[in-house]
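Here's model39.cif, which has mmCIF, C-alpha atoms:
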data_start
#
loop_
_atom_site.group_PDB
_atom_site.id
_atom_site.type_symbol
_atom_site.label_atom_id
_atom_site.label_comp_id
_atom_site.auth_asym_id
_atom_site.auth_seq_id
_atom_site.Cartn_x
_atom_site.Cartn_y
_atom_site.Cartn_z
ATOM 1 C CA MET A 1 -44.781 -190.390 11.626
ATOM 2 C CA ARG A 2 -43.059 -187.129 10.703
ATOM 3 C CA THR A 3 -42.323 -188.511 7.235
ATOM 4 C CA ILE A 4 -46.012 -189.270 6.667
ATOM 5 C CA PHE A 5 -46.908 -185.711 7.736
ATOM 6 C CA VAL A 6 -44.345 -184.187 5.343
ATOM 7 C CA ILE A 7 -45.599 -186.396 2.506
ATOM 8 C CA ALA A 8 -49.228 -185.443 3.286
ATOM 9 C CA VAL A 9 -48.394 -181.704 3.302
ATOM 10 C CA ALA A 10 -46.469 -182.054 0.041
ATOM 11 C CA PHE A 11 -49.400 -183.936 -1.502
ATOM 12 C CA ILE A 12 -51.884 -181.274 -0.387
ATOM 13 C CA MET A 13 -49.655 -178.444 -1.614
ATOM 14 C CA GLY A 14 -49.201 -180.234 -4.921
ATOM 15 C CA ALA A 15 -52.974 -180.410 -5.344
ATOM 16 C CA VAL A 16 -53.617 -176.822 -4.178
ATOM 17 C CA ALA A 17 -50.808 -175.047 -6.056
ATOM 18 C CA PRO A 18 -52.289 -175.545 -9.546
ATOM 19 C CA ALA A 19 -55.657 -174.262 -8.317
ATOM 20 C CA ILE A 20 -54.001 -171.172 -6.831
ATOM 21 C CA ALA A 21 -51.999 -170.603 -9.991
ATOM 22 C CA GLN A 22 -55.172 -170.836 -12.080
ATOM 23 C CA SER A 23 -56.975 -168.174 -10.013
ATOM 24 C CA VAL A 24 -54.209 -165.584 -10.540
ATOM 25 C CA PRO A 25 -54.218 -164.407 -14.156
ATOM 26 C CA ARG A 26 -50.715 -164.352 -15.620
ATOM 27 C CA GLY A 27 -51.646 -162.786 -18.949
ATOM 28 C CA PRO A 28 -54.804 -161.464 -20.496
ATOM 29 C CA ILE A 29 -57.938 -162.816 -18.869
ATOM 30 C CA GLN A 30 -59.611 -165.482 -20.955
ATOM 31 C CA SER A 31 -63.259 -165.781 -20.020
ATOM 32 C CA PRO A 32 -66.596 -165.556 -21.851
ATOM 33 C CA ILE A 33 -67.948 -163.401 -18.994
ATOM 34 C CA LEU A 34 -66.207 -160.487 -17.299
ATOM 35 C CA THR A 35 -67.281 -158.315 -14.385
ATOM 36 C CA ILE A 36 -66.691 -154.679 -13.579
ATOM 37 C CA ASP A 37 -67.429 -152.460 -10.602
ATOM 38 C CA SER A 38 -68.607 -149.273 -12.322
ATOM 39 C CA ASP A 39 -68.569 -147.264 -9.079
ATOM 40 C CA ARG A 40 -64.957 -148.216 -8.433
ATOM 41 C CA LEU A 41 -64.105 -147.624 -12.094
ATOM 42 C CA PHE A 42 -65.308 -144.031 -11.754
ATOM 43 C CA GLU A 43 -64.107 -143.320 -8.211
ATOM 44 C CA GLU A 44 -60.578 -144.683 -8.657
ATOM 45 C CA SER A 45 -59.908 -143.257 -12.123
ATOM 46 C CA ALA A 46 -58.082 -139.950 -12.471
ATOM 47 C CA PHE A 47 -61.194 -138.451 -14.098
ATOM 48 C CA GLY A 48 -63.432 -139.685 -11.294
ATOM 49 C CA GLN A 49 -61.093 -138.471 -8.567
ATOM 50 C CA GLN A 50 -60.834 -135.043 -10.196
ATOM 51 C CA THR A 51 -64.617 -134.887 -10.580
ATOM 52 C CA ILE A 52 -65.235 -135.995 -6.986
ATOM 53 C CA THR A 53 -62.762 -133.426 -5.646
ATOM 54 C CA GLU A 54 -64.349 -130.675 -7.728
ATOM 55 C CA PHE A 55 -67.902 -131.578 -6.718
ATOM 56 C CA GLU A 56 -67.000 -131.949 -3.049
ATOM 57 C CA ALA A 57 -65.688 -128.372 -3.209
ATOM 58 C CA LEU A 58 -68.833 -127.190 -5.011
ATOM 59 C CA GLY A 59 -71.005 -129.036 -2.471
ATOM 60 C CA ALA A 60 -69.074 -127.506 0.425
ATOM 61 C CA ALA A 61 -69.492 -124.042 -1.103
ATOM 62 C CA LEU A 62 -73.246 -124.622 -1.469
ATOM 63 C CA ALA A 63 -73.457 -125.854 2.135
ATOM 64 C CA ALA A 64 -71.579 -122.759 3.336
ATOM 65 C CA GLU A 65 -73.921 -120.552 1.300
ATOM 66 C CA ASN A 66 -76.901 -122.350 2.864
ATOM 67 C CA ARG A 67 -75.497 -121.715 6.354
ATOM 68 C CA ARG A 68 -74.980 -117.994 5.592
ATOM 69 C CA ILE A 69 -78.538 -117.713 4.258
ATOM 70 C CA GLU A 70 -79.912 -119.584 7.279
ATOM 71 C CA GLU A 71 -78.075 -117.246 9.648
ATOM 72 C CA ALA A 72 -79.418 -114.190 7.797
ATOM 73 C CA LEU A 73 -82.955 -115.599 7.915
ATOM 74 C CA LEU A 74 -82.611 -116.236 11.657
ATOM 75 C CA VAL A 75 -81.620 -112.587 12.139
ATOM 76 C CA ASP A 76 -84.655 -111.501 10.101
ATOM 77 C CA GLU A 77 -86.889 -113.814 12.134
ATOM 78 C CA ARG A 78 -85.571 -112.411 15.436
ATOM 79 C CA GLU A 79 -86.154 -108.857 14.211
ATOM 80 C CA LEU A 80 -89.695 -109.782 13.189
ATOM 81 C CA THR A 81 -90.304 -111.400 16.588
ATOM 82 C CA ASP A 82 -88.912 -108.324 18.357
ATOM 83 C CA VAL A 83 -91.243 -105.902 16.514
ATOM 84 C CA ARG A 84 -94.344 -108.047 16.995
ATOM 85 C CA PRO A 85 -95.421 -106.478 20.308
ATOM 86 C CA THR A 86 -94.978 -102.956 18.943
ATOM 87 C CA ILE A 87 -97.088 -103.159 15.766
ATOM 88 C CA ASP A 88 -100.662 -103.832 14.770
ATOM 89 C CA PRO A 89 -101.473 -107.597 14.383
ATOM 90 C CA ALA A 90 -102.584 -107.110 10.759
ATOM 91 C CA GLU A 91 -99.327 -105.309 9.937
ATOM 92 C CA PHE A 92 -97.367 -108.080 11.690
ATOM 93 C CA ARG A 93 -99.281 -110.726 9.712
ATOM 94 C CA ALA A 94 -98.347 -108.984 6.445
ATOM 95 C CA LEU A 95 -94.666 -108.834 7.482
ATOM 96 C CA ALA A 96 -94.768 -112.485 8.593
ATOM 97 C CA ASP A 97 -96.279 -113.502 5.247
ATOM 98 C CA ILE A 98 -93.531 -111.613 3.383
ATOM 99 C CA PHE A 99 -90.899 -113.300 5.546
ATOM 100 C CA ASP A 100 -92.468 -116.729 4.995
ATOM 101 C CA GLU A 101 -92.508 -116.185 1.220
ATOM 102 C CA LYS A 102 -88.837 -115.137 1.363
ATOM 103 C CA VAL A 103 -87.983 -118.328 3.261
ATOM 104 C CA GLN A 104 -89.924 -120.500 0.798
ATOM 105 C CA GLU A 105 -88.373 -118.787 -2.239
ATOM 106 C CA THR A 106 -84.883 -119.124 -0.763
ATOM 107 C CA ARG A 107 -85.465 -122.803 0.000
ATOM 108 C CA ARG A 108 -86.671 -123.453 -3.556
ATOM 109 C CA ALA A 109 -83.650 -121.647 -5.016
ATOM 110 C CA GLN A 110 -81.165 -123.550 -2.841
ATOM 111 C CA ASP A 111 -82.887 -126.886 -3.503
ATOM 112 C CA THR A 112 -82.664 -126.152 -7.234
ATOM 113 C CA LYS A 113 -78.931 -125.458 -6.903
ATOM 114 C CA GLY A 114 -78.465 -128.780 -5.086
ATOM 115 C CA ARG A 115 -80.435 -130.700 -7.717
ATOM 116 C CA GLU A 116 -78.478 -129.021 -10.521
ATOM 117 C CA LEU A 117 -75.204 -129.928 -8.840
ATOM 118 C CA ASN A 118 -76.297 -133.560 -8.484
ATOM 119 C CA ALA A 119 -77.517 -133.638 -12.094
ATOM 120 C CA GLU A 120 -74.175 -132.269 -13.327
ATOM 121 C CA LEU A 121 -72.306 -134.898 -11.318
ATOM 122 C CA GLU A 122 -74.502 -137.633 -12.791
ATOM 123 C CA GLU A 123 -73.969 -136.178 -16.275
ATOM 124 C CA ARG A 124 -70.204 -136.337 -15.773
ATOM 125 C CA ARG A 125 -70.516 -139.935 -14.658
ATOM 126 C CA VAL A 126 -72.515 -140.820 -17.777
ATOM 127 C CA VAL A 127 -69.998 -139.040 -20.022
ATOM 128 C CA PHE A 128 -67.209 -140.970 -18.302
ATOM 129 C CA LEU A 129 -68.934 -144.329 -18.668
ATOM 130 C CA ASN A 130 -69.622 -143.609 -22.341
ATOM 131 C CA ALA A 131 -65.941 -142.831 -22.818
ATOM 132 C CA ALA A 132 -65.105 -146.101 -21.048
ATOM 133 C CA VAL A 133 -67.101 -148.210 -23.528
ATOM 134 C CA PRO A 134 -64.305 -148.504 -26.143
ATOM 135 C CA ILE A 135 -61.839 -149.533 -23.426
ATOM 136 C CA LEU A 136 -64.244 -152.152 -22.089
ATOM 137 C CA GLU A 137 -64.939 -153.418 -25.607
ATOM 138 C CA GLN A 138 -61.196 -153.776 -26.186
ATOM 139 C CA LEU A 139 -60.824 -155.724 -22.931
ATOM 140 C CA MET A 140 -63.730 -157.938 -24.018
ATOM 141 C CA ARG A 141 -62.061 -158.706 -27.343
ATOM 142 C CA GLU A 142 -58.727 -159.444 -25.673
ATOM 143 C CA SER A 143 -60.420 -161.798 -23.220
ATOM 144 C CA GLY A 144 -62.673 -163.510 -25.732
ATOM 145 C CA ALA A 145 -65.638 -162.361 -23.660
ATOM 146 C CA ALA A 146 -69.168 -161.960 -24.920
ATOM 147 C CA ILE A 147 -70.438 -159.896 -21.995
ATOM 148 C CA VAL A 148 -69.325 -157.604 -19.172
ATOM 149 C CA LEU A 149 -71.607 -157.691 -16.133
ATOM 150 C CA GLU A 150 -71.903 -155.163 -13.333
ATOM 151 C CA GLN A 151 -70.330 -156.805 -10.309
ATOM 152 C CA ARG A 152 -73.214 -155.795 -8.013
ATOM 153 C CA SER A 153 -75.685 -157.762 -10.124
ATOM 154 C CA VAL A 154 -73.616 -160.963 -9.970
ATOM 155 C CA PHE A 155 -74.353 -163.259 -7.064
ATOM 156 C CA ILE A 156 -70.911 -164.903 -7.019
ATOM 157 C CA SER A 157 -67.910 -164.909 -9.336
ATOM 158 C CA SER A 158 -64.182 -165.366 -9.384
ATOM 159 C CA THR A 159 -62.125 -162.241 -8.915
ATOM 160 C CA ALA A 160 -60.116 -163.439 -11.900
ATOM 161 C CA VAL A 161 -62.855 -162.170 -14.249
ATOM 162 C CA ASP A 162 -62.984 -158.683 -12.686
ATOM 163 C CA ILE A 163 -61.470 -156.208 -15.157
ATOM 164 C CA THR A 164 -62.065 -153.053 -13.095
ATOM 165 C CA GLN A 165 -58.416 -152.356 -12.270
ATOM 166 C CA MET A 166 -57.237 -152.997 -15.827
ATOM 167 C CA ALA A 167 -59.952 -150.686 -17.148
ATOM 168 C CA ILE A 168 -58.956 -147.937 -14.685
ATOM 169 C CA GLN A 169 -55.334 -148.163 -15.771
ATOM 170 C CA ARG A 170 -56.217 -147.975 -19.449
ATOM 171 C CA LEU A 171 -58.708 -145.148 -18.978
ATOM 172 C CA ASP A 172 -56.119 -143.123 -17.088
ATOM 173 C CA LEU A 173 -53.756 -143.547 -20.028
ATOM 174 C CA VAL A 174 -56.197 -142.415 -22.698
ATOM 175 C CA LEU A 175 -58.366 -139.808 -20.961
ATOM 176 C CA ASP A 176 -56.897 -136.344 -20.647
ATOM 177 C CA THR A 177 -59.077 -134.990 -17.860
ATOM 178 C CA SER A 178 -58.362 -131.351 -18.682
ATOM 179 C CA ASP A 179 -59.853 -131.760 -22.165
ATOM 180 C CA PHE A 180 -62.572 -134.144 -21.059
ATOM 181 C CA MET A 181 -64.164 -132.206 -18.217
ATOM 182 C CA PRO A 182 -67.349 -130.277 -19.090
ATOM 183 C CA ASP A 183 -67.620 -126.768 -17.660
ATOM 184 C CA VAL A 184 -69.471 -126.382 -14.359
ATOM 185 C CA ASP A 185 -71.146 -123.079 -13.606
#
Let me see the file written as structure tokens.
Amino acid sequence: MRTIFVIAVAFIMGAVAPAIAQSVPRGPIQSPILTIDSDRLFEESAFGQQTITEFEALGAALAAENRRIEEALLVDERELTDVRPTIDPAEFRALADIFDEKVQETRRAQDTKGRELNAELEERRVVFLNAAVPILEQLMRESGAAIVLEQRSVFISSTAVDITQMAIQRLDLVLDTSDFMPDVD
């Protein structure tokens, strides 16, 4: 009985081993279709990590600025509330309108800063992806592929056709982030 079990396990392993070996690429991937995770490509590359770190710092600075402005506006609001009983209602209304306009103007200015920061981050991402195109084209040629699909738009695929990690490694070799980074004001 034990002999039959050993033979059965050996048979199963003999049938499974070639399938496992085929799913792990040993050399360049050979496939007409490749996939890539563009988010991971950006986030795990040296350029992407540097950009993310920089923009997290810029975002934190903007958030801190927003908190300081909010605190100052709260002080102004308290002062306005405190003087209300001591002044004429028409005079208070004029002061309240000025305060409201200040709040609205400040909100618009801070919202604009946030949108500009997000637009700059998106611009960096586009610049990065454009710089990645020659690397991806080279990987396509090496693999004999006709197309590279975004992994999120593929319902199911083998991980053997995912070139994200190879692309990250090659991009890190060719992109000098200090020369590649646009200035942020």
For the atom pair CA of Gln138 (chain A) and CA of Ser153 (chain A), what is the interatomic distance in Å to one decimal place? 22.0 Å
Residue nearest Gln151 (chain A) - candidates A:Arg108, A:Arg115, A:Arg170, A:Arg40, atoms counted: all atoms listed in the file: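 Going through A:Arg108, A:Arg115, A:Arg170, A:Arg40 one by one, the smallest distance to Gln151 (chain A) is for A:Arg40.
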Would you translate the PyMOL selection byres ((chain A and resi 63-65) around 12) into the concrete set of residues it matches in this file, as number ranges by chain? A: 55-62, 66-72, 106-107, 109-111, 113-114, 117
On this structure, which residues satisfy the PyMOL selection byres ((chain A and resi 35-39) around 12), written as a ChimeraX atom specification? /A:29,31-34,40-45,48-49,52,122,125-126,128-130,132-133,136,139-140,143,145-168
Kindly give the distance, in Å, that separates CA of Asp88 (chain A) and CA of Gln104 (chain A), rounded to a single decimal.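 One can read the CA of Asp88 (chain A) to CA of Gln104 (chain A) distance as 24.3 Å.
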Target residues per the PyMOL selection byres ((chain A and resi 78-84) around 12), formatted as a VMD selection string: chain A and resid 71 to 77 85 to 100
